[in-house]
file upload_34.tsv (TSV, C-alpha atoms and all ligand atoms)
chain	number	residue	atom	x	y	z
A	24	MET	CA	0.00	0.00	0.00
A	25	VAL	CA	1.28	3.44	-0.86
A	26	SER	CA	1.27	6.11	1.81
A	27	GLU	CA	-0.31	9.47	1.00
A	28	GLN	CA	0.22	10.72	4.56
A	29	TYR	CA	3.24	12.94	3.96
A	30	ALA	CA	2.10	15.62	1.56
A	31	ASP	CA	4.44	18.18	3.14
A	32	MET	CA	6.88	16.14	5.24
A	33	VAL	CA	8.66	12.96	4.30
A	34	PRO	CA	10.72	10.64	6.51
A	35	VAL	CA	14.33	10.65	5.30
A	36	THR	CA	16.91	8.22	6.67
A	37	LYS	CA	19.93	9.79	5.01
A	38	ILE	CA	21.05	12.40	2.51
A	39	GLN	CA	24.23	11.20	0.88
A	40	ARG	CA	26.37	13.90	-0.66
A	41	PHE	CA	28.89	13.38	-3.47
A	42	SER	CA	27.41	10.05	-4.52
A	43	THR	CA	28.69	8.59	-7.79
A	44	HIS	CA	26.63	5.38	-7.98
A	45	ASP	CA	23.07	6.66	-8.22
A	46	GLY	CA	23.01	8.19	-11.68
A	47	PRO	CA	25.39	10.25	-13.82
A	48	GLY	CA	28.03	12.56	-12.37
A	49	VAL	CA	28.21	13.69	-8.76
A	50	ARG	CA	24.86	13.51	-6.99
A	51	THR	CA	22.99	14.18	-3.79
A	52	THR	CA	21.01	11.05	-2.97
A	53	VAL	CA	17.98	11.28	-0.69
A	54	PHE	CA	16.86	8.06	1.02
A	55	PHE	CA	13.12	8.05	1.72
A	56	LYS	CA	11.77	5.81	4.46
A	57	GLY	CA	8.93	3.50	3.47
A	58	CYS	CA	8.67	0.70	0.93
A	59	PRO	CA	5.89	-1.61	-0.28
A	60	LEU	CA	8.31	-4.57	-0.52
A	61	ARG	CA	10.28	-6.58	2.04
A	62	CYS	CA	13.15	-8.00	-0.01
A	63	ARG	CA	15.08	-10.61	1.92
A	64	TRP	CA	18.35	-9.23	0.55
A	65	CYS	CA	17.53	-5.59	1.40
A	66	HIS	CA	20.66	-3.61	2.28
A	67	ASN	CA	18.64	-0.69	3.68
A	68	PRO	CA	16.24	-2.39	6.14
A	69	GLU	CA	15.79	0.88	8.02
A	70	THR	CA	13.98	2.26	4.95
A	71	GLN	CA	11.32	-0.46	4.76
A	72	SER	CA	8.88	0.82	7.37
A	73	SER	CA	7.68	4.40	7.02
A	74	ALA	CA	7.34	4.62	10.81
A	75	MET	CA	9.92	6.34	12.97
A	76	GLN	CA	12.38	3.84	14.49
A	77	VAL	CA	15.51	3.87	16.62
A	78	TYR	CA	18.82	2.18	16.07
A	79	TYR	CA	20.20	0.58	19.21
A	80	THR	CA	23.94	-0.08	19.20
A	81	GLU	CA	24.82	-2.25	22.17
A	82	LYS	CA	28.55	-1.51	22.18
A	83	PHE	CA	27.91	2.23	22.69
A	84	CYS	CA	25.61	1.75	25.69
A	85	ILE	CA	27.05	2.91	29.03
A	86	GLY	CA	24.08	1.55	31.01
A	87	CYS	CA	22.92	4.91	32.39
A	88	GLY	CA	19.24	3.86	32.27
A	89	ALA	CA	17.94	7.19	30.93
A	90	CYS	CA	16.16	5.47	28.03
A	91	ALA	CA	14.21	3.18	30.38
A	92	VAL	CA	13.03	6.21	32.38
A	93	VAL	CA	11.58	8.08	29.38
A	94	CYS	CA	10.27	5.22	27.25
A	95	PRO	CA	6.45	5.08	27.52
A	96	MET	CA	6.36	1.56	26.06
A	97	GLY	CA	8.81	-0.25	28.33
A	98	ALA	CA	10.97	-1.11	25.34
A	99	HIS	CA	14.21	-0.59	27.31
A	100	THR	CA	14.66	-2.89	30.30
A	101	PHE	CA	17.55	-3.94	32.54
A	102	SER	CA	18.15	-7.39	33.93
A	103	ASP	CA	21.26	-8.24	35.98
A	104	GLY	CA	22.76	-4.99	34.76
A	105	ALA	CA	22.27	-5.91	31.12
A	106	HIS	CA	20.29	-3.58	28.87
A	107	ARG	CA	17.66	-5.17	26.64
A	108	PHE	CA	15.92	-3.32	23.79
A	109	ASP	CA	12.62	-4.82	22.62
A	110	ALA	CA	12.01	-3.22	19.23
A	111	ALA	CA	8.57	-4.82	18.93
A	112	ARG	CA	7.35	-2.52	21.74
A	113	CYS	CA	8.78	0.66	20.23
A	114	ARG	CA	6.31	3.25	18.91
A	115	GLY	CA	8.94	5.61	17.53
A	116	CYS	CA	8.50	8.60	19.84
A	117	LEU	CA	12.32	9.05	19.78
A	118	ARG	CA	12.49	10.11	23.45
A	119	CYS	CA	15.23	7.58	24.16
A	120	ALA	CA	17.32	8.93	21.28
A	121	GLN	CA	16.91	12.45	22.69
A	122	VAL	CA	18.21	11.54	26.16
A	123	CYS	CA	20.84	8.93	25.31
A	124	PRO	CA	24.26	10.42	26.15
A	125	SER	CA	26.31	8.00	24.07
A	126	MET	CA	24.44	7.63	20.73
A	127	ALA	CA	23.58	4.05	21.64
A	128	CYS	CA	19.99	5.02	20.81
A	129	GLU	CA	19.72	7.02	17.62
A	130	ALA	CA	16.82	8.10	15.44
A	131	CYS	CA	17.16	6.37	12.09
A	132	ALA	CA	15.20	9.05	10.21
A	133	ARG	CA	13.96	12.61	10.42
A	134	LEU	CA	10.90	14.26	8.94
A	135	MET	CA	11.83	16.83	6.33
A	136	THR	CA	9.90	19.19	4.09
A	137	VAL	CA	10.51	19.24	0.37
A	138	SER	CA	12.03	22.73	0.78
A	139	GLU	CA	14.50	21.48	3.38
A	140	ILE	CA	15.62	18.61	1.14
A	141	LEU	CA	16.04	20.94	-1.81
A	142	ALA	CA	18.06	23.35	0.30
A	143	GLU	CA	20.48	20.52	1.14
A	144	ALA	CA	20.79	19.59	-2.53
A	145	GLU	CA	21.39	23.22	-3.48
A	146	ARG	CA	24.43	23.28	-1.19
A	147	ASP	CA	25.97	20.62	-3.43
A	148	ARG	CA	25.09	22.25	-6.74
A	149	PRO	CA	28.62	23.66	-7.28
A	150	PHE	CA	29.91	20.05	-7.34
A	151	PHE	CA	27.31	18.56	-9.70
A	152	GLY	CA	28.99	19.69	-12.92
A	153	PRO	CA	27.15	19.24	-16.22
A	154	GLN	CA	25.80	15.75	-15.44
A	155	GLY	CA	25.14	15.53	-11.70
A	156	GLY	CA	22.03	16.32	-9.72
A	157	ILE	CA	19.61	14.83	-7.24
A	158	THR	CA	18.57	11.18	-6.89
A	159	LEU	CA	15.62	9.94	-4.86
A	160	SER	CA	16.20	6.52	-3.37
A	161	GLY	CA	15.06	4.55	-0.35
A	162	GLY	CA	13.03	2.62	0.42
A	163	GLU	CA	10.71	3.46	-2.40
A	164	PRO	CA	10.46	7.18	-3.13
A	165	MET	CA	7.02	6.70	-4.68
A	166	PHE	CA	5.76	5.32	-1.37
A	167	HIS	CA	5.34	9.05	-0.68
A	168	PRO	CA	4.13	10.11	-4.13
A	169	GLU	CA	3.16	13.71	-3.42
A	170	ALA	CA	6.39	14.57	-1.66
A	171	ALA	CA	8.54	12.72	-4.21
A	172	LEU	CA	6.84	14.21	-7.26
A	173	THR	CA	6.76	17.73	-5.83
A	174	LEU	CA	10.46	17.46	-5.01
A	175	LEU	CA	11.34	16.19	-8.48
A	176	GLU	CA	9.27	18.85	-10.22
A	177	GLU	CA	10.82	21.63	-8.18
A	178	ALA	CA	14.35	20.27	-8.68
A	179	LYS	CA	13.81	20.04	-12.43
A	180	ALA	CA	12.37	23.57	-12.52
A	181	ARG	CA	15.61	24.74	-10.87
A	182	GLY	CA	17.66	23.07	-13.59
A	183	LEU	CA	18.87	20.08	-11.58
A	184	HIS	CA	19.21	16.67	-13.21
A	185	THR	CA	16.75	14.28	-11.54
A	186	ALA	CA	16.96	10.52	-11.06
A	187	VAL	CA	14.79	8.06	-9.15
A	188	GLU	CA	15.61	4.59	-7.91
A	189	THR	CA	12.35	2.66	-7.89
A	190	CYS	CA	11.13	-0.88	-7.36
A	191	GLY	CA	8.31	-0.04	-9.77
A	192	VAL	CA	5.58	-0.78	-7.25
A	193	PHE	CA	3.34	2.29	-7.05
A	194	GLY	CA	0.07	3.55	-8.49
A	195	ASP	CA	-0.26	3.38	-12.29
A	196	HIS	CA	-1.79	6.85	-12.25
A	197	HIS	CA	1.57	8.33	-11.14
A	198	VAL	CA	3.61	7.04	-14.10
A	199	ALA	CA	3.04	9.97	-16.44
A	200	ARG	CA	3.84	12.62	-13.83
A	201	LEU	CA	6.91	10.73	-12.62
A	202	THR	CA	8.19	10.33	-16.15
A	203	ALA	CA	7.71	14.02	-16.91
A	204	CYS	CA	9.84	15.20	-13.97
A	205	THR	CA	12.55	12.49	-13.96
A	206	ASP	CA	15.56	12.56	-16.27
A	207	LEU	CA	16.62	9.01	-15.44
A	208	LEU	CA	14.58	6.14	-13.98
A	209	LEU	CA	16.73	3.53	-12.23
A	210	TRP	CA	14.20	0.72	-12.40
A	211	ASP	CA	14.52	-2.53	-10.43
A	212	PHE	CA	13.93	-5.77	-12.28
A	213	LYS	CA	14.50	-8.12	-9.38
A	214	ASP	CA	13.14	-11.38	-10.70
A	215	SER	CA	11.22	-12.41	-13.79
A	216	ASP	CA	9.73	-15.44	-12.02
A	217	PRO	CA	6.43	-14.31	-10.41
A	218	ALA	CA	6.37	-16.94	-7.65
A	219	ARG	CA	9.98	-16.33	-6.67
A	220	HIS	CA	9.49	-12.55	-6.75
A	221	GLN	CA	6.58	-12.93	-4.36
A	222	ALA	CA	8.48	-15.31	-2.08
A	223	TYR	CA	11.65	-13.21	-1.81
A	224	THR	CA	10.30	-9.65	-1.93
A	225	GLY	CA	6.88	-10.10	-0.33
A	226	GLY	CA	5.24	-8.49	-3.36
A	227	SER	CA	4.05	-9.23	-6.85
A	228	ASN	CA	6.06	-8.29	-9.94
A	229	GLU	CA	2.83	-7.88	-11.83
A	230	GLY	CA	2.72	-4.32	-13.02
A	231	VAL	CA	6.43	-3.56	-12.51
A	232	VAL	CA	7.29	-4.20	-16.16
A	233	ALA	CA	3.98	-2.73	-17.39
A	234	ARG	CA	4.71	0.54	-15.59
A	235	LEU	CA	8.24	0.65	-16.98
A	236	ARG	CA	6.91	0.11	-20.51
A	237	GLN	CA	4.35	2.86	-19.92
A	238	ALA	CA	7.13	5.24	-18.82
A	239	ASP	CA	9.24	4.19	-21.83
A	240	ALA	CA	6.36	4.86	-24.22
A	241	LEU	CA	6.18	8.37	-22.75
A	242	GLY	CA	9.88	8.87	-23.50
A	243	GLY	CA	11.23	8.13	-20.04
A	244	ARG	CA	14.94	7.26	-20.02
A	245	SER	CA	15.82	4.31	-17.83
A	246	ARG	CA	18.40	1.84	-16.63
A	247	LEU	CA	17.47	-1.61	-15.36
A	248	ARG	CA	18.83	-2.43	-11.90
A	249	CYS	CA	19.16	-6.17	-11.47
A	250	ILE	CA	20.07	-7.70	-8.14
A	251	MET	CA	22.08	-10.93	-8.43
A	252	VAL	CA	21.36	-13.41	-5.65
A	253	ARG	CA	23.27	-16.66	-5.93
A	254	GLY	CA	21.03	-19.70	-5.69
A	255	VAL	CA	17.91	-17.54	-6.02
A	256	ASN	CA	17.58	-15.62	-9.28
A	257	MET	CA	20.91	-16.29	-11.01
A	258	GLU	CA	19.66	-18.45	-13.80
A	259	ARG	CA	19.72	-18.29	-17.57
A	260	THR	CA	15.97	-17.75	-18.02
A	261	HIS	CA	16.08	-14.62	-15.85
A	262	TYR	CA	18.99	-13.14	-17.80
A	263	GLU	CA	17.22	-13.94	-21.08
A	264	ALA	CA	14.19	-12.10	-19.70
A	265	ILE	CA	16.41	-9.09	-18.85
A	266	ALA	CA	17.79	-9.02	-22.41
A	267	GLU	CA	14.30	-9.32	-23.86
A	268	LEU	CA	12.99	-6.53	-21.66
A	269	TYR	CA	15.93	-4.26	-22.55
A	270	HIS	CA	15.44	-4.79	-26.30
A	271	GLY	CA	11.72	-4.09	-25.97
A	272	LEU	CA	12.37	-0.63	-24.51
A	273	ARG	CA	13.20	2.35	-26.71
A	274	HIS	CA	14.78	4.58	-24.09
A	275	CYS	CA	16.63	2.15	-21.83
A	276	GLU	CA	20.36	2.89	-21.56
A	277	GLY	CA	21.39	-0.53	-20.24
A	278	VAL	CA	21.60	-2.80	-17.26
A	279	ASP	CA	23.31	-2.36	-13.89
A	280	LEU	CA	24.14	-5.70	-12.27
A	281	LEU	CA	24.09	-5.51	-8.48
A	282	PRO	CA	25.68	-8.55	-6.79
A	283	TYR	CA	24.13	-9.30	-3.41
A	284	HIS	CA	26.14	-8.37	-0.32
A	285	PRO	CA	24.88	-8.86	3.27
A	286	PHE	CA	25.41	-5.16	4.15
A	287	GLY	CA	21.92	-4.90	5.62
A	288	THR	CA	22.20	-7.44	8.42
A	289	SER	CA	24.14	-5.24	10.83
A	290	LYS	CA	21.60	-2.43	10.41
A	291	ALA	CA	18.77	-4.96	10.87
A	292	LYS	CA	20.39	-6.02	14.15
A	293	GLN	CA	20.48	-2.38	15.32
A	294	LEU	CA	16.73	-2.24	14.58
A	295	GLY	CA	16.22	-5.21	16.89
A	296	ARG	CA	15.65	-7.70	14.06
A	297	ARG	CA	17.27	-11.08	13.70
A	298	ASP	CA	17.83	-11.25	9.95
A	299	GLU	CA	20.01	-14.09	8.78
A	300	GLN	CA	23.27	-13.25	7.06
A	301	HIS	CA	23.15	-15.12	3.75
A	302	THR	CA	26.79	-15.17	2.73
A	303	GLU	CA	25.93	-18.07	0.41
A	304	TRP	CA	23.88	-15.60	-1.67
A	305	MET	CA	27.00	-13.63	-2.62
A	306	PRO	CA	27.89	-14.35	-6.26
A	307	LYS	CA	31.47	-15.17	-7.11
A	308	GLN	CA	33.35	-12.65	-9.20
A	309	GLU	CA	33.61	-15.07	-12.15
A	310	GLU	CA	29.85	-15.69	-12.02
A	311	VAL	CA	29.14	-11.98	-12.16
A	312	GLN	CA	31.54	-11.57	-15.09
A	313	ALA	CA	29.88	-14.49	-16.89
A	314	VAL	CA	26.43	-12.88	-16.56
A	315	ALA	CA	27.79	-9.54	-17.79
A	316	ALA	CA	29.34	-11.32	-20.80
A	317	PHE	CA	26.06	-13.19	-21.45
A	318	LEU	CA	24.14	-9.90	-21.58
A	319	ARG	CA	26.76	-8.04	-23.63
A	320	GLU	CA	26.79	-10.89	-26.18
A	321	ARG	CA	23.08	-10.23	-26.57
A	322	GLY	CA	23.67	-6.54	-27.22
A	323	VAL	CA	22.81	-5.29	-23.74
A	324	PRO	CA	25.11	-2.52	-22.40
A	325	THR	CA	25.93	-3.85	-18.96
A	326	VAL	CA	27.67	-2.23	-16.01
A	327	LEU	CA	28.76	-4.00	-12.82
A	401	LIG	S1	11.50	5.54	20.42
A	401	LIG	FE1	10.66	3.58	21.02
A	401	LIG	S2	12.11	2.73	22.45
A	401	LIG	FE2	12.56	4.92	22.29
A	401	LIG	S3	11.40	5.88	23.93
A	401	LIG	FE3	10.06	5.93	22.13
A	401	LIG	S4	8.86	4.06	22.22
A	401	LIG	FE4	10.56	3.81	23.65
A	402	LIG	S1	20.25	6.02	27.43
A	402	LIG	FE1	21.73	5.20	25.98
A	402	LIG	S2	23.58	4.82	27.16
A	402	LIG	FE2	21.89	5.06	28.64
A	402	LIG	S3	21.18	2.95	28.97
A	402	LIG	FE3	19.92	3.81	27.34
A	402	LIG	S4	20.98	3.18	25.45
A	402	LIG	FE4	22.43	2.90	27.13
A	403	LIG	S1	12.58	-2.52	-2.76
A	403	LIG	FE1	14.60	-1.87	-2.06
A	403	LIG	S2	14.26	-0.80	-0.14
A	403	LIG	FE2	12.40	-1.97	-0.58
A	403	LIG	S3	12.69	-3.89	0.54
A	403	LIG	FE3	13.43	-4.20	-1.56
A	403	LIG	S4	15.63	-3.77	-1.50
A	403	LIG	FE4	14.70	-2.92	0.38
call {"tool": "encode", "arguments": {"input": "upload_34.tsv", "output": "structure tokens", "more": "lines below"}}
Ligand code: SF4
Ligand code: SF4
Ligand code: SF4
result
Amino acid sequence: MVSEQYADMVPVTKIQRFSTHDGPGVRTTVFFKGCPLRCRWCHNPETQSSAMQVYYTEKFCIGCGACAVVCPMGAHTFSDGAHRFDAARCRGCLRCAQVCPSMACEACARLMTVSEILAEAERDRPFFGPQGGITLSGGEPMFHPEAALTLLEEAKARGLHTAVETCGVFGDHHVARLTACTDLLLWDFKDSDPARHQAYTGGSNEGVVARLRQADALGGRSRLRCIMVRGVNMERTHYEAIAELYHGLRHCEGVDLLPYHPFGTSKAKQLGRRDEQHTEWMPKQEEVQAVAAFLRERGVPTVL
């Protein structure tokens, strides 16, 4: 379900300056909090829920007990001198983060207006050069469609290059407006197998390709972002589907292959989750190269 609740304010987990991986040139990348999917390989688990959350980092805790005093939900408890954080009880009021003296409790997002985000991007404008600009990422930026689209339209009106990283799961009625205000769509194509997509992302891939084709028909430039998860989606039929999709698009620049890495598990632990670290999902370098060669042989410009 897509949230319409933040017309003016949007929860942002991070604004990354001088990014070079989220579109052309030097960019300011804004990570929105909230996503309709729950990918098991997600490297930004803090962006999945749109609710406010706290990171708890055990090694920073000095055991002062201030968090337990202010928490209205009893999420912080002490037993035999050991501090326990029960994330399931947390309602995101952020009081513990405000009183914690050692950054053991930290807010993992802040609510920002579109104007505030744009002001941060404007600070970086001197470094963008002819190609750079602003990228919306997450999470799923279109989980907050009004804020995302207003931000993109305003950025474009100011002459900034705009890019959006999207999982493609949002309302069909937003495609035309998104396409009009986005210079480059970085579009996830996670798995061509519907059952596997559902099992590993928690959502259907129905509509993801249809929306991309709709954007393409409207002239939207895109790149396909394809996660590679060893033992899950790394099979010939999926790469044939990527090549077929690429050749069916008129304005797609190519494919970015994204080998899985278990970056997200340490952040998941700070959120009080017990996600498994799937090191067996990491593709070997030669496997990644073989897939890149497979796609290039089929005329698909491919970047690792
Ligand atoms: S953010 Fe969560 S854990 Fe912290 S004080 Fe509020 S309810 Fe308690
Ligand atoms: S306020 Fe911070 S340092 Fe003090 S007990 Fe809570 S988490 Fe630890
Ligand atoms: S779409 Fe992206 S942010 Fe959302 S769960 Fe999947 S990997 Fe994480």
call {"tool": "atom_distance", "arguments": {"input": "upload_34.tsv", "atom1": "atom CA of A:Leu159", "atom2": "atom CA of A:Ala132"}}
result
15.1 Å
call {"tool": "residues_near_ligand", "arguments": {"input": "upload_34.tsv", "ligand": "ligand LIG 402 (chain A)", "cutoff": "10 Å", "atoms": "all atoms listed in the file", "output": "PyMOL selection string"}}
result
chain A and resi 78-94+99-101+104-108+118-129
call {"tool": "atom_distance", "arguments": {"input": "upload_34.tsv", "atom1": "atom CA of A:Gly156", "atom2": "atom CA of A:Gly46"}}
result
8.4 Å
call {"tool": "residues_near_ligand", "arguments": {"input": "upload_34.tsv", "ligand": "ligand LIG 403 (chain A)", "cutoff": "9 Å", "atoms": "all atoms listed in the file", "output": "CSV table (one decimal) with C-alpha atoms, in the coordinates of the input"}}
result
chain,number,residue,atom,x,y,z
A,56,LYS,CA,11.8,5.8,4.5
A,57,GLY,CA,8.9,3.5,3.5
A,58,CYS,CA,8.7,0.7,0.9
A,59,PRO,CA,5.9,-1.6,-0.3
A,60,LEU,CA,8.3,-4.6,-0.5
A,61,ARG,CA,10.3,-6.6,2.0
A,62,CYS,CA,13.2,-8.0,0.0
A,63,ARG,CA,15.1,-10.6,1.9
A,64,TRP,CA,18.4,-9.2,0.6
A,65,CYS,CA,17.5,-5.6,1.4
A,66,HIS,CA,20.7,-3.6,2.3
A,67,ASN,CA,18.6,-0.7,3.7
A,68,PRO,CA,16.2,-2.4,6.1
A,69,GLU,CA,15.8,0.9,8.0
A,70,THR,CA,14.0,2.3,5.0
A,71,GLN,CA,11.3,-0.5,4.8
A,160,SER,CA,16.2,6.5,-3.4
A,161,GLY,CA,15.1,4.6,-0.4
A,162,GLY,CA,13.0,2.6,0.4
A,163,GLU,CA,10.7,3.5,-2.4
A,188,GLU,CA,15.6,4.6,-7.9
A,189,THR,CA,12.4,2.7,-7.9
A,190,CYS,CA,11.1,-0.9,-7.4
A,191,GLY,CA,8.3,0.0,-9.8
A,192,VAL,CA,5.6,-0.8,-7.2
A,211,ASP,CA,14.5,-2.5,-10.4
A,213,LYS,CA,14.5,-8.1,-9.4
A,224,THR,CA,10.3,-9.6,-1.9
A,225,GLY,CA,6.9,-10.1,-0.3
A,250,ILE,CA,20.1,-7.7,-8.1
call {"tool": "closest_residue", "arguments": {"input": "upload_34.tsv", "among": "A:Arg297, A:Arg219, A:Arg112, A:His44", "to": "ligand LIG 401 (chain A)", "atoms": "all atoms listed in the file"}}
result
A:Arg112
call {"tool": "axis_aligned_box", "arguments": {"input": "upload_34.tsv", "around": "ligand LIG 401 (chain A)", "padding_each_side": "6 Å", "output": "AutoDock Vina command-line options"}}
result
--center_x 10.7 --center_y 4.3 --center_z 22.2 --size_x 15.7 --size_y 15.2 --size_z 15.5
call {"tool": "decode", "arguments": {"input": "upload_34.tsv", "residues": "stretch 157-208 of chain A", "atoms": "C-alpha atoms", "output": "short mmCIF file (atom, residue, chain, number, x, y, z; two decimals), in the first residue's frame"}}
result
data_model
loop_
_atom_site.label_atom_id
_atom_site.label_comp_id
_atom_site.auth_asym_id
_atom_site.auth_seq_id
_atom_site.Cartn_x
_atom_site.Cartn_y
_atom_site.Cartn_z
CA ILE A 157 19.61 14.83 -7.24
CA THR A 158 18.57 11.18 -6.89
CA LEU A 159 15.62 9.94 -4.86
CA SER A 160 16.20 6.52 -3.37
CA GLY A 161 15.06 4.55 -0.35
CA GLY A 162 13.03 2.62 0.42
CA GLU A 163 10.71 3.46 -2.40
CA PRO A 164 10.46 7.18 -3.13
CA MET A 165 7.02 6.70 -4.68
CA PHE A 166 5.76 5.32 -1.37
CA HIS A 167 5.34 9.05 -0.68
CA PRO A 168 4.13 10.11 -4.13
CA GLU A 169 3.16 13.71 -3.42
CA ALA A 170 6.39 14.57 -1.66
CA ALA A 171 8.54 12.72 -4.21
CA LEU A 172 6.84 14.21 -7.26
CA THR A 173 6.76 17.73 -5.83
CA LEU A 174 10.46 17.46 -5.01
CA LEU A 175 11.34 16.19 -8.48
CA GLU A 176 9.27 18.85 -10.22
CA GLU A 177 10.82 21.63 -8.18
CA ALA A 178 14.35 20.27 -8.68
CA LYS A 179 13.81 20.04 -12.43
CA ALA A 180 12.37 23.57 -12.52
CA ARG A 181 15.61 24.74 -10.87
CA GLY A 182 17.66 23.07 -13.59
CA LEU A 183 18.87 20.08 -11.58
CA HIS A 184 19.21 16.67 -13.21
CA THR A 185 16.75 14.28 -11.54
CA ALA A 186 16.96 10.52 -11.06
CA VAL A 187 14.79 8.06 -9.15
CA GLU A 188 15.61 4.59 -7.91
CA THR A 189 12.35 2.66 -7.89
CA CYS A 190 11.13 -0.88 -7.36
CA GLY A 191 8.31 -0.04 -9.77
CA VAL A 192 5.58 -0.78 -7.25
CA PHE A 193 3.34 2.29 -7.05
CA GLY A 194 0.07 3.55 -8.49
CA ASP A 195 -0.26 3.38 -12.29
CA HIS A 196 -1.79 6.85 -12.25
CA HIS A 197 1.57 8.33 -11.14
CA VAL A 198 3.61 7.04 -14.10
CA ALA A 199 3.04 9.97 -16.44
CA ARG A 200 3.84 12.62 -13.83
CA LEU A 201 6.91 10.73 -12.62
CA THR A 202 8.19 10.33 -16.15
CA ALA A 203 7.71 14.02 -16.91
CA CYS A 204 9.84 15.20 -13.97
CA THR A 205 12.55 12.49 -13.96
CA ASP A 206 15.56 12.56 -16.27
CA LEU A 207 16.62 9.01 -15.44
CA LEU A 208 14.58 6.14 -13.98
#
